[in-house]
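Novice: Provided herewith: final28.pdb, PDB, C-alpha atoms.
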```pdb
ATOM      1  CA  MET A   1      54.013  60.691 117.925  1.00  0.00           C
ATOM      2  CA  LYS A   2      55.607  62.643 115.065  1.00  0.00           C
ATOM      3  CA  THR A   3      58.474  64.921 116.080  1.00  0.00           C
ATOM      4  CA  PHE A   4      59.890  66.260 112.820  1.00  0.00           C
ATOM      5  CA  LEU A   5      59.203  66.539 109.093  1.00  0.00           C
ATOM      6  CA  GLU A   6      60.733  64.060 106.701  1.00  0.00           C
ATOM      7  CA  PRO A   7      62.067  64.967 103.213  1.00  0.00           C
ATOM      8  CA  TRP A   8      59.041  63.535 101.388  1.00  0.00           C
ATOM      9  CA  GLU A   9      56.756  65.672 103.539  1.00  0.00           C
ATOM     10  CA  VAL A  10      58.780  68.771 102.680  1.00  0.00           C
ATOM     11  CA  SER A  11      58.272  67.865  99.011  1.00  0.00           C
ATOM     12  CA  LEU A  12      54.533  67.827  99.704  1.00  0.00           C
ATOM     13  CA  LEU A  13      54.843  71.279 101.219  1.00  0.00           C
ATOM     14  CA  GLU A  14      56.546  72.542  98.045  1.00  0.00           C
ATOM     15  CA  GLU A  15      53.826  71.060  95.835  1.00  0.00           C
ATOM     16  CA  ASN A  16      51.184  72.850  97.886  1.00  0.00           C
ATOM     17  CA  ALA A  17      52.921  76.233  98.036  1.00  0.00           C
ATOM     18  CA  LYS A  18      50.467  78.189  95.896  1.00  0.00           C
ATOM     19  CA  THR A  19      49.093  81.641  95.258  1.00  0.00           C
ATOM     20  CA  TYR A  20      45.630  82.661  94.078  1.00  0.00           C
ATOM     21  CA  ASP A  21      45.450  83.651  90.397  1.00  0.00           C
ATOM     22  CA  ARG A  22      42.604  86.153  89.995  1.00  0.00           C
ATOM     23  CA  ARG A  23      42.560  85.715  86.216  1.00  0.00           C
ATOM     24  CA  GLN A  24      42.239  81.926  86.357  1.00  0.00           C
ATOM     25  CA  LEU A  25      40.219  82.100  89.580  1.00  0.00           C
ATOM     26  CA  GLU A  26      42.194  79.247  91.096  1.00  0.00           C
ATOM     27  CA  TRP A  27      45.224  78.431  93.227  1.00  0.00           C
ATOM     28  CA  VAL A  28      48.394  77.944  91.164  1.00  0.00           C
ATOM     29  CA  PRO A  29      51.967  76.922  92.104  1.00  0.00           C
ATOM     30  CA  CYS A  30      54.218  79.829  93.108  1.00  0.00           C
ATOM     31  CA  VAL A  31      57.945  79.484  92.369  1.00  0.00           C
ATOM     32  CA  MET A  32      58.883  82.081  94.984  1.00  0.00           C
ATOM     33  CA  TYR A  33      56.938  80.280  97.714  1.00  0.00           C
ATOM     34  CA  GLN A  34      58.378  76.917  96.678  1.00  0.00           C
ATOM     35  CA  LEU A  35      61.877  78.364  96.683  1.00  0.00           C
ATOM     36  CA  LEU A  36      61.361  79.790 100.168  1.00  0.00           C
ATOM     37  CA  ILE A  37      60.503  76.308 101.456  1.00  0.00           C
ATOM     38  CA  ARG A  38      63.572  74.957  99.632  1.00  0.00           C
ATOM     39  CA  PHE A  39      65.829  77.530 101.252  1.00  0.00           C
ATOM     40  CA  LEU A  40      64.581  76.790 104.744  1.00  0.00           C
ATOM     41  CA  PHE A  41      64.921  73.024 104.333  1.00  0.00           C
ATOM     42  CA  ARG A  42      67.876  72.495 101.994  1.00  0.00           C
ATOM     43  CA  LEU A  43      70.029  75.192 103.594  1.00  0.00           C
ATOM     44  CA  GLY A  44      68.757  74.744 107.132  1.00  0.00           C
ATOM     45  CA  CYS A  45      68.699  78.522 107.467  1.00  0.00           C
ATOM     46  CA  ARG A  46      66.635  80.759 109.718  1.00  0.00           C
ATOM     47  CA  VAL A  47      63.635  82.483 108.158  1.00  0.00           C
ATOM     48  CA  SER A  48      65.217  85.876 108.939  1.00  0.00           C
ATOM     49  CA  GLU A  49      68.318  84.831 106.982  1.00  0.00           C
ATOM     50  CA  ALA A  50      66.280  83.676 103.978  1.00  0.00           C
ATOM     51  CA  LEU A  51      64.229  86.876 103.875  1.00  0.00           C
ATOM     52  CA  ALA A  52      67.414  88.979 103.906  1.00  0.00           C
ATOM     53  CA  VAL A  53      68.938  87.320 100.804  1.00  0.00           C
ATOM     54  CA  VAL A  54      69.372  89.651  97.826  1.00  0.00           C
ATOM     55  CA  VAL A  55      70.175  88.721  94.214  1.00  0.00           C
ATOM     56  CA  GLU A  56      73.784  89.809  94.694  1.00  0.00           C
ATOM     57  CA  ASP A  57      74.211  87.230  97.487  1.00  0.00           C
ATOM     58  CA  VAL A  58      73.682  84.389  95.018  1.00  0.00           C
ATOM     59  CA  ASP A  59      76.495  82.976  92.862  1.00  0.00           C
ATOM     60  CA  LEU A  60      74.893  80.598  90.387  1.00  0.00           C
ATOM     61  CA  ASP A  61      78.224  79.691  88.749  1.00  0.00           C
ATOM     62  CA  SER A  62      79.683  78.307  91.976  1.00  0.00           C
ATOM     63  CA  ARG A  63      76.209  77.383  93.308  1.00  0.00           C
ATOM     64  CA  THR A  64      76.596  79.221  96.616  1.00  0.00           C
ATOM     65  CA  VAL A  65      74.558  81.712  98.600  1.00  0.00           C
ATOM     66  CA  LYS A  66      75.731  84.186 101.227  1.00  0.00           C
ATOM     67  CA  LEU A  67      73.618  84.421 104.361  1.00  0.00           C
ATOM     68  CA  LEU A  68      73.719  87.310 106.808  1.00  0.00           C
ATOM     69  CA  GLN A  69      72.881  86.548 110.426  1.00  0.00           C
ATOM     70  CA  LEU A  70      71.772  89.645 112.317  1.00  0.00           C
ATOM     71  CA  LYS A  71      70.977  89.354 116.016  1.00  0.00           C
ATOM     72  CA  GLU A  72      69.755  92.041 118.371  1.00  0.00           C
ATOM     73  CA  ARG A  73      69.985  91.471 122.111  1.00  0.00           C
ATOM     74  CA  LEU A  74      68.977  93.665 125.007  1.00  0.00           C
ATOM     75  CA  ARG A  75      71.683  93.755 127.680  1.00  0.00           C
ATOM     76  CA  LEU A  76      71.254  95.043 131.237  1.00  0.00           C
ATOM     77  CA  TYR A  77      73.880  97.120 133.028  1.00  0.00           C
ATOM     78  CA  CYS A  78      74.240  98.742 136.445  1.00  0.00           C
ATOM     79  CA  PRO A  79      73.407 102.465 136.111  1.00  0.00           C
ATOM     80  CA  ASN A  80      75.984 103.270 138.841  1.00  0.00           C
ATOM     81  CA  CYS A  81      79.146 101.402 137.783  1.00  0.00           C
ATOM     82  CA  GLY A  82      78.279  99.926 134.382  1.00  0.00           C
ATOM     83  CA  VAL A  83      78.791  96.242 135.327  1.00  0.00           C
ATOM     84  CA  ARG A  84      76.750  93.732 133.281  1.00  0.00           C
ATOM     85  CA  LEU A  85      73.656  92.431 135.091  1.00  0.00           C
ATOM     86  CA  GLY A  86      71.476  89.365 134.812  1.00  0.00           C
ATOM     87  CA  ARG A  87      67.696  89.613 134.772  1.00  0.00           C
ATOM     88  CA  ALA A  88      67.463  88.315 138.340  1.00  0.00           C
ATOM     89  CA  HIS A  89      70.031  90.701 139.820  1.00  0.00           C
ATOM     90  CA  GLN A  90      68.594  92.974 142.524  1.00  0.00           C
ATOM     91  CA  PHE A  91      72.017  94.090 143.753  1.00  0.00           C
ATOM     92  CA  CYS A  92      74.961  94.930 141.500  1.00  0.00           C
ATOM     93  CA  PRO A  93      77.803  92.362 141.753  1.00  0.00           C
ATOM     94  CA  GLY A  94      80.263  95.204 141.029  1.00  0.00           C
ATOM     95  CA  CYS A  95      79.389  98.070 143.360  1.00  0.00           C
ATOM     96  CA  GLY A  96      76.939  96.219 145.624  1.00  0.00           C
ATOM     97  CA  ARG A  97      74.219  98.846 145.273  1.00  0.00           C
ATOM     98  CA  LYS A  98      70.574  97.947 144.961  1.00  0.00           C
ATOM     99  CA  VAL A  99      69.476  98.151 141.329  1.00  0.00           C
ATOM    100  CA  GLU A 100      66.276 100.137 141.041  1.00  0.00           C
ATOM    101  CA  ALA A 101      66.237 100.401 137.250  1.00  0.00           C
ATOM    102  CA  ALA A 102      68.898  98.706 135.128  1.00  0.00           C
ATOM    103  CA  GLU A 103      70.339 100.506 132.118  1.00  0.00           C
ATOM    104  CA  LYS A 104      69.247  98.806 128.885  1.00  0.00           C
ATOM    105  CA  ARG A 105      71.538  98.679 125.864  1.00  0.00           C
ATOM    106  CA  LEU A 106      70.662  97.141 122.511  1.00  0.00           C
ATOM    107  CA  GLN A 107      73.584  95.202 121.053  1.00  0.00           C
ATOM    108  CA  GLU A 108      73.812  94.042 117.443  1.00  0.00           C
ATOM    109  CA  SER A 109      75.979  91.252 116.110  1.00  0.00           C
ATOM    110  CA  ARG A 110      76.490  90.426 112.434  1.00  0.00           C
ATOM    111  CA  ARG A 111      77.907  87.199 111.068  1.00  0.00           C
ATOM    112  CA  GLN A 112      77.843  85.754 107.584  1.00  0.00           C
ATOM    113  CA  ARG A 113      78.432  82.357 106.054  1.00  0.00           C
ATOM    114  CA  ILE A 114      78.533  81.054 102.503  1.00  0.00           C
ATOM    115  CA  LEU A 115      76.613  77.837 101.914  1.00  0.00           C
ATOM    116  CA  PRO A 116      76.433  75.448  98.935  1.00  0.00           C
ATOM    117  CA  LEU A 117      73.311  74.977  96.800  1.00  0.00           C
ATOM    118  CA  ASP A 118      72.149  71.750  95.195  1.00  0.00           C
ATOM    119  CA  LYS A 119      71.563  71.731  91.423  1.00  0.00           C
ATOM    120  CA  SER A 120      67.752  71.752  91.452  1.00  0.00           C
ATOM    121  CA  THR A 121      67.568  74.633  93.947  1.00  0.00           C
ATOM    122  CA  ALA A 122      70.105  76.603  91.887  1.00  0.00           C
ATOM    123  CA  ALA A 123      67.951  75.990  88.792  1.00  0.00           C
ATOM    124  CA  MET A 124      64.868  77.337  90.613  1.00  0.00           C
ATOM    125  CA  LEU A 125      66.885  80.372  91.675  1.00  0.00           C
ATOM    126  CA  ARG A 126      67.956  81.034  88.106  1.00  0.00           C
ATOM    127  CA  GLU A 127      64.337  80.824  86.955  1.00  0.00           C
ATOM    128  CA  LEU A 128      63.221  83.283  89.621  1.00  0.00           C
ATOM    129  CA  ILE A 129      66.027  85.742  88.905  1.00  0.00           C
ATOM    130  CA  ASP A 130      65.777  85.501  85.101  1.00  0.00           C
ATOM    131  CA  HIS A 131      62.000  85.559  84.766  1.00  0.00           C
ATOM    132  CA  GLY A 132      60.859  87.083  88.020  1.00  0.00           C
ATOM    133  CA  VAL A 133      61.023  90.721  89.019  1.00  0.00           C
ATOM    134  CA  PRO A 134      62.952  91.036  92.293  1.00  0.00           C
ATOM    135  CA  VAL A 135      61.466  93.887  94.280  1.00  0.00           C
ATOM    136  CA  ALA A 136      63.796  96.764  95.075  1.00  0.00           C
ATOM    137  CA  LYS A 137      63.804  97.791  98.734  1.00  0.00           C
ATOM    138  CA  ASP A 138      66.226 100.455  99.889  1.00  0.00           C
ATOM    139  CA  GLY A 139      68.172  99.771  96.718  1.00  0.00           C
ATOM    140  CA  ARG A 140      68.346  96.024  97.452  1.00  0.00           C
ATOM    141  CA  ARG A 141      66.787  93.327  95.231  1.00  0.00           C
ATOM    142  CA  LEU A 142      65.260  90.869  97.681  1.00  0.00           C
ATOM    143  CA  LEU A 143      64.587  87.294  96.560  1.00  0.00           C
ATOM    144  CA  PHE A 144      61.672  87.093  98.976  1.00  0.00           C
ATOM    145  CA  PRO A 145      60.008  90.522  99.305  1.00  0.00           C
ATOM    146  CA  ILE A 146      57.784  89.410 102.174  1.00  0.00           C
ATOM    147  CA  GLY A 147      57.760  89.648 105.970  1.00  0.00           C
ATOM    148  CA  ARG A 148      58.105  86.956 108.630  1.00  0.00           C
ATOM    149  CA  ASN A 149      54.353  86.751 109.234  1.00  0.00           C
ATOM    150  CA  GLN A 150      53.618  86.222 105.540  1.00  0.00           C
ATOM    151  CA  ALA A 151      56.386  83.605 105.299  1.00  0.00           C
ATOM    152  CA  ARG A 152      54.836  81.733 108.206  1.00  0.00           C
ATOM    153  CA  HIS A 153      51.367  82.052 106.667  1.00  0.00           C
ATOM    154  CA  ILE A 154      52.625  80.591 103.356  1.00  0.00           C
ATOM    155  CA  ILE A 155      54.013  77.511 105.101  1.00  0.00           C
ATOM    156  CA  VAL A 156      51.014  77.047 107.406  1.00  0.00           C
ATOM    157  CA  LEU A 157      48.649  77.097 104.413  1.00  0.00           C
ATOM    158  CA  ALA A 158      50.875  74.719 102.420  1.00  0.00           C
ATOM    159  CA  ALA A 159      50.940  72.297 105.364  1.00  0.00           C
ATOM    160  CA  LYS A 160      47.149  72.472 105.624  1.00  0.00           C
ATOM    161  CA  ARG A 161      46.711  71.711 101.915  1.00  0.00           C
ATOM    162  CA  ALA A 162      49.249  68.871 102.181  1.00  0.00           C
ATOM    163  CA  GLY A 163      47.405  67.355 105.140  1.00  0.00           C
ATOM    164  CA  LEU A 164      50.421  67.580 107.442  1.00  0.00           C
ATOM    165  CA  GLY A 165      49.368  67.468 111.073  1.00  0.00           C
ATOM    166  CA  PRO A 166      51.034  68.926 114.166  1.00  0.00           C
ATOM    167  CA  LEU A 167      54.487  67.924 115.380  1.00  0.00           C
ATOM    168  CA  THR A 168      55.394  67.019 118.958  1.00  0.00           C
ATOM    169  CA  ASN A 169      58.339  68.587 120.757  1.00  0.00           C
ATOM    170  CA  PRO A 170      60.278  65.523 122.071  1.00  0.00           C
ATOM    171  CA  GLU A 171      61.587  67.445 125.093  1.00  0.00           C
ATOM    172  CA  THR A 172      58.365  69.119 126.278  1.00  0.00           C
ATOM    173  CA  GLY A 173      55.693  66.899 124.731  1.00  0.00           C
ATOM    174  CA  LYS A 174      53.859  69.972 123.415  1.00  0.00           C
ATOM    175  CA  GLU A 175      52.315  69.955 119.952  1.00  0.00           C
ATOM    176  CA  HIS A 176      52.963  72.703 117.441  1.00  0.00           C
ATOM    177  CA  GLY A 177      52.059  73.255 113.811  1.00  0.00           C
ATOM    178  CA  VAL A 178      54.372  73.233 110.804  1.00  0.00           C
ATOM    179  CA  SER A 179      56.296  76.520 110.702  1.00  0.00           C
ATOM    180  CA  PRO A 180      59.458  77.945 109.073  1.00  0.00           C
ATOM    181  CA  HIS A 181      61.643  76.795 111.973  1.00  0.00           C
ATOM    182  CA  ARG A 182      60.333  73.236 111.657  1.00  0.00           C
ATOM    183  CA  LEU A 183      61.965  73.131 108.203  1.00  0.00           C
ATOM    184  CA  ARG A 184      65.306  74.076 109.766  1.00  0.00           C
ATOM    185  CA  ASP A 185      64.774  71.279 112.297  1.00  0.00           C
ATOM    186  CA  ALA A 186      63.932  68.902 109.438  1.00  0.00           C
ATOM    187  CA  PHE A 187      67.225  69.702 107.718  1.00  0.00           C
ATOM    188  CA  ALA A 188      69.229  69.043 110.883  1.00  0.00           C
ATOM    189  CA  THR A 189      67.510  65.761 111.726  1.00  0.00           C
ATOM    190  CA  HIS A 190      67.761  64.571 108.112  1.00  0.00           C
ATOM    191  CA  ALA A 191      71.481  65.394 108.045  1.00  0.00           C
ATOM    192  CA  LEU A 192      72.096  63.438 111.262  1.00  0.00           C
ATOM    193  CA  SER A 193      70.090  60.479 110.007  1.00  0.00           C
ATOM    194  CA  ILE A 194      72.568  60.258 107.103  1.00  0.00           C
ATOM    195  CA  ASP A 195      75.726  60.867 109.136  1.00  0.00           C
ATOM    196  CA  SER A 196      76.019  61.515 112.871  1.00  0.00           C
ATOM    197  CA  SER A 197      79.804  61.298 113.158  1.00  0.00           C
ATOM    198  CA  THR A 198      81.831  63.918 115.008  1.00  0.00           C
ATOM    199  CA  GLU A 199      82.982  65.485 111.739  1.00  0.00           C
ATOM    200  CA  ALA A 200      79.393  65.579 110.442  1.00  0.00           C
ATOM    201  CA  LEU A 201      78.286  67.360 113.628  1.00  0.00           C
ATOM    202  CA  ARG A 202      80.991  69.977 113.099  1.00  0.00           C
ATOM    203  CA  LEU A 203      79.854  70.543 109.504  1.00  0.00           C
ATOM    204  CA  LEU A 204      76.224  70.742 110.627  1.00  0.00           C
ATOM    205  CA  GLN A 205      77.182  73.341 113.239  1.00  0.00           C
ATOM    206  CA  GLU A 206      78.777  75.450 110.503  1.00  0.00           C
ATOM    207  CA  GLN A 207      75.785  75.004 108.181  1.00  0.00           C
ATOM    208  CA  LEU A 208      73.273  76.038 110.854  1.00  0.00           C
ATOM    209  CA  GLY A 209      75.402  78.944 112.058  1.00  0.00           C
ATOM    210  CA  HIS A 210      75.534  77.784 115.678  1.00  0.00           C
ATOM    211  CA  LYS A 211      78.161  79.415 117.882  1.00  0.00           C
ATOM    212  CA  SER A 212      78.277  76.426 120.228  1.00  0.00           C
ATOM    213  CA  ILE A 213      78.347  72.730 119.319  1.00  0.00           C
ATOM    214  CA  SER A 214      75.953  72.135 122.232  1.00  0.00           C
ATOM    215  CA  GLN A 215      73.231  73.885 120.221  1.00  0.00           C
ATOM    216  CA  THR A 216      73.796  71.411 117.390  1.00  0.00           C
ATOM    217  CA  MET A 217      74.018  68.407 119.712  1.00  0.00           C
ATOM    218  CA  ARG A 218      70.383  68.829 120.768  1.00  0.00           C
ATOM    219  CA  TYR A 219      69.328  67.468 117.385  1.00  0.00           C
ATOM    220  CA  THR A 220      70.938  64.135 118.241  1.00  0.00           C
ATOM    221  CA  LYS A 221      68.395  63.927 121.078  1.00  0.00           C
ATOM    222  CA  ILE A 222      65.554  64.628 118.661  1.00  0.00           C
ATOM    223  CA  THR A 223      66.509  61.844 116.281  1.00  0.00           C
ATOM    224  CA  GLY A 224      67.590  59.424 119.009  1.00  0.00           C
ATOM    225  CA  LYS A 225      69.798  57.711 116.425  1.00  0.00           C
ATOM    226  CA  GLU A 226      72.989  57.711 118.486  1.00  0.00           C
ATOM    227  CA  GLN A 227      71.264  56.228 121.516  1.00  0.00           C
ATOM    228  CA  ARG A 228      69.511  53.594 119.385  1.00  0.00           C
ATOM    229  CA  ASP A 229      72.778  52.602 117.663  1.00  0.00           C
ATOM    230  CA  TRP A 230      74.545  52.411 121.049  1.00  0.00           C
ATOM    231  CA  TYR A 231      71.765  50.325 122.565  1.00  0.00           C
ATOM    232  CA  ASN A 232      71.670  47.929 119.610  1.00  0.00           C
ATOM    233  CA  LYS A 233      75.361  47.237 120.136  1.00  0.00           C
ATOM    234  CA  LEU A 234      74.634  46.175 123.748  1.00  0.00           C
ATOM    235  CA  PHE A 235      72.072  43.572 122.754  1.00  0.00           C
ATOM    236  CA  LYS A 236      72.778  42.260 119.289  1.00  0.00           C
ATOM    237  CA  GLU A 237      70.005  40.050 117.962  1.00  0.00           C
TER     238      GLU A 237
END
```
How would this structure read if it were set down as structure tokens?

Specialist:
Amino acid sequence: MKTFLEPWEVSLLEENAKTYDRRQLEWVPCVMYQLLIRFLFRLGCRVSEALAVVVEDVDLDSRTVKLLQLKERLRLYCPNCGVRLGRAHQFCPGCGRKVEAAEKRLQESRRQRILPLDKSTAAMLRELIDHGVPVAKDGRRLLFPIGRNQARHIIVLAAKRAGLGPLTNPETGKEHGVSPHRLRDAFATHALSIDSSTEALRLLQEQLGHKSISQTMRYTKITGKEQRDWYNKLFKE
């Protein structure tokens, strides 16, 4: 039962990230697609964060990239007194009135973090920026001028060419195909396989952009490394 991608499998994904060349009438490697896979795995970022990166967010001298995390959440409020409601609330906990139709408010939150880049990824970025033509959108030069569906399609096709089968969710037992978020999972599990100390967990939380450490801790369950190390200490052979 395979639960997450390993680094060598991500390398296979990169090798199989291709686009169809109508002049050569064949599939050829695509630097932009390969770089997208690199971003998702080597930064552990969300696909929405990767697709929002513009040229100005990249500092090749210091080898860093700025990521913007934008979240939109629909909140429910009592139309009578304005108290916040949960989805299951039938009566307002503030005024006690029956809630016929809750007031819906869309709330946005923006956070940013600056993450380091490894040398080879920075070199790929330089190649794309120097020789590619970043597409201008609303005056912004996007590194990846594609949408979420196309990003997912790129990775699904690369996984198919690489012969990478489905992954199993260790908590639910359900199988799912290789997707952008599975690369984020792969980064987290790889990081914990190298170092699962308390300090490493804190750094991983910062890298992933988690508000709560409990979100990061779930990856220790996926790898099972801490439990295995603890158990091995009980029965040394």

Novice: Just give me the gap between CA of Arg148 in chain A and CA of Asp118 in chain A in Å, one decimal is fine.

Specialist: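 We find that CA of Arg148 in chain A and CA of Asp118 in chain A lie 24.7 Å from each other.
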
Novice: On this file, the PyMOL selection byres ((chain A and resi 127-132) around 12) gives some set of residues; write that set as JSON, numbers by chain.

Specialist: {"A": [30, 31, 32, 33, 34, 35, 36, 54, 55, 56, 57, 58, 59, 60, 120, 121, 122, 123, 124, 125, 126, 133, 134, 135, 141, 142, 143, 144, 145]}

Novice: Compare A:Tyr231, A:Phe187, A:Trp27, A:Phe41 by their minimum atom-to-atom distance to Arg161 in chain A, counting all atoms listed in the file, and give me the closest one.

Specialist: A:Trp27

Novice: For the atom pair CA of Gly177 in chain A and CA of Leu25 in chain A, what is the interatomic distance in Å to one decimal place?

Specialist: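 It comes out at 28.4 Å.
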
Novice: Between CA of Ile37 in chain A and CA of Arg113 in chain A, what distance in Å does the model show, to one decimal?

Specialist: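 Distance between the two atoms: 19.5 Å.
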
Novice: Select all residues near (78.7, 76.3, 97.9) (cut-off 8 Å, inclusive, file coordinates), counting all atoms listed in the file, and output them as a PyMOL selection string.

Specialist: chain A and resi 62-65+114-117

Novice: For the residues selected in the previous step, produce a file with C-alpha atoms as an mmCIF file, keeping the file's coordinate frame.

Specialist:
```
data_model
loop_
_atom_site.group_PDB
_atom_site.id
_atom_site.type_symbol
_atom_site.label_atom_id
_atom_site.label_comp_id
_atom_site.auth_asym_id
_atom_site.auth_seq_id
_atom_site.Cartn_x
_atom_site.Cartn_y
_atom_site.Cartn_z
ATOM 1 C CA SER A 62 79.683 78.307 91.976
ATOM 2 C CA ARG A 63 76.209 77.383 93.308
ATOM 3 C CA THR A 64 76.596 79.221 96.616
ATOM 4 C CA VAL A 65 74.558 81.712 98.600
ATOM 5 C CA ILE A 114 78.533 81.054 102.503
ATOM 6 C CA LEU A 115 76.613 77.837 101.914
ATOM 7 C CA PRO A 116 76.433 75.448 98.935
ATOM 8 C CA LEU A 117 73.311 74.977 96.800
#
```

Novice: So which residues are close to (65.6, 79.9, 108.2), meaning at most 12 Å away in the file's coordinates with all atoms listed in the file counted, and can you show them as an mmCIF file with C-alpha atoms, in the coordinates of the input?

Specialist:
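Generated output (selection-v2.cif):
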```
data_model
loop_
_atom_site.group_PDB
_atom_site.id
_atom_site.type_symbol
_atom_site.label_atom_id
_atom_site.label_comp_id
_atom_site.auth_asym_id
_atom_site.auth_seq_id
_atom_site.Cartn_x
_atom_site.Cartn_y
_atom_site.Cartn_z
ATOM 1 C CA LEU A 36 61.361 79.790 100.168
ATOM 2 C CA ILE A 37 60.503 76.308 101.456
ATOM 3 C CA ARG A 38 63.572 74.957 99.632
ATOM 4 C CA PHE A 39 65.829 77.530 101.252
ATOM 5 C CA LEU A 40 64.581 76.790 104.744
ATOM 6 C CA PHE A 41 64.921 73.024 104.333
ATOM 7 C CA ARG A 42 67.876 72.495 101.994
ATOM 8 C CA LEU A 43 70.029 75.192 103.594
ATOM 9 C CA GLY A 44 68.757 74.744 107.132
ATOM 10 C CA CYS A 45 68.699 78.522 107.467
ATOM 11 C CA ARG A 46 66.635 80.759 109.718
ATOM 12 C CA VAL A 47 63.635 82.483 108.158
ATOM 13 C CA SER A 48 65.217 85.876 108.939
ATOM 14 C CA GLU A 49 68.318 84.831 106.982
ATOM 15 C CA ALA A 50 66.280 83.676 103.978
ATOM 16 C CA LEU A 51 64.229 86.876 103.875
ATOM 17 C CA ALA A 52 67.414 88.979 103.906
ATOM 18 C CA VAL A 53 68.938 87.320 100.804
ATOM 19 C CA LEU A 67 73.618 84.421 104.361
ATOM 20 C CA LEU A 68 73.719 87.310 106.808
ATOM 21 C CA GLN A 69 72.881 86.548 110.426
ATOM 22 C CA ARG A 148 58.105 86.956 108.630
ATOM 23 C CA ALA A 151 56.386 83.605 105.299
ATOM 24 C CA ARG A 152 54.836 81.733 108.206
ATOM 25 C CA SER A 179 56.296 76.520 110.702
ATOM 26 C CA PRO A 180 59.458 77.945 109.073
ATOM 27 C CA HIS A 181 61.643 76.795 111.973
ATOM 28 C CA ARG A 182 60.333 73.236 111.657
ATOM 29 C CA LEU A 183 61.965 73.131 108.203
ATOM 30 C CA ARG A 184 65.306 74.076 109.766
ATOM 31 C CA ASP A 185 64.774 71.279 112.297
ATOM 32 C CA ALA A 186 63.932 68.902 109.438
ATOM 33 C CA PHE A 187 67.225 69.702 107.718
ATOM 34 C CA ALA A 188 69.229 69.043 110.883
ATOM 35 C CA GLN A 207 75.785 75.004 108.181
ATOM 36 C CA LEU A 208 73.273 76.038 110.854
ATOM 37 C CA GLY A 209 75.402 78.944 112.058
#
```

Novice: With distances taken over all atoms listed in the file, which of A:Leu76, A:Lys18, A:Ser196, A:Leu5 is nearest to Gln227 in chain A?

Specialist: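 Residue with the minimum atom-to-atom distance to Gln227 in chain A: A:Ser196.
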
Novice: If you take every atom of range 140-151 of chain A that the file lists and fit an axis-aligned box around them with 8 Å extra on each side, what centre and edge lengths come out in Å to one decimal, as AutoDock Vina command-line options?

Specialist:
```
--center_x 61.0 --center_y 89.8 --center_z 102.2 --size_x 30.7 --size_y 28.4 --size_z 30.0
```

Novice: If we count only C-alpha atoms and set the cut-off at 12 Å, which residues sit around Lys174 in chain A, ignoring sequence neighbours fewer than 4 positions away in its own chain? Please answer as a list in words.

Specialist: Met1, Lys2, Thr3, Pro166, Leu167, Thr168, Asn169 and Pro170 of chain A

Novice: Identify which of the residues A:Asp61, A:Arg87, A:Leu13, A:Arg75 lies closest to Ile155 in chain A, counting all atoms listed in the file when measuring atom-to-atom distances.

Specialist: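 Using all atoms listed in the file, the shortest distance to Ile155 in chain A belongs to A:Leu13.
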
Novice: Using the chain letters and numbers from this file, what does the PyMOL selection byres ((chain A and resi 100-108) around 12) select? Give the answer as a count of residues only.

Specialist: 30

Novice: Extract, using only C-alpha atoms, all DNA, RNA and protein residues at most 9 Å from Ala158 in chain A, discarding same-chain residues fewer than 6 positions from it, and format them as an MDAnalysis selection string.

Specialist: chainID A and resid 12:18 164

Novice: With distances taken over only C-alpha atoms, which residue among A:Cys95, A:Ile222, A:Leu203, A:Val28 lies nearest Glu171 in chain A?

Specialist: A:Ile222

Novice: Measuring between all atoms listed in the file, which one of A:Lys119, A:His190, A:Arg22, A:Lys236 shows the shortest distance to Thr223 in chain A?

Specialist: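 Comparing A:Lys119, A:His190, A:Arg22, A:Lys236 against Thr223 in chain A, the winner is A:His190.
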
Novice: Nearest to His210 in chain A among A:Gln112, A:Thr198, A:Asn149, A:Asn232, with distances taken over all atoms listed in the file: which residue is it?

Specialist: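 That would be A:Gln112, the residue with the smallest distance to His210 in chain A.
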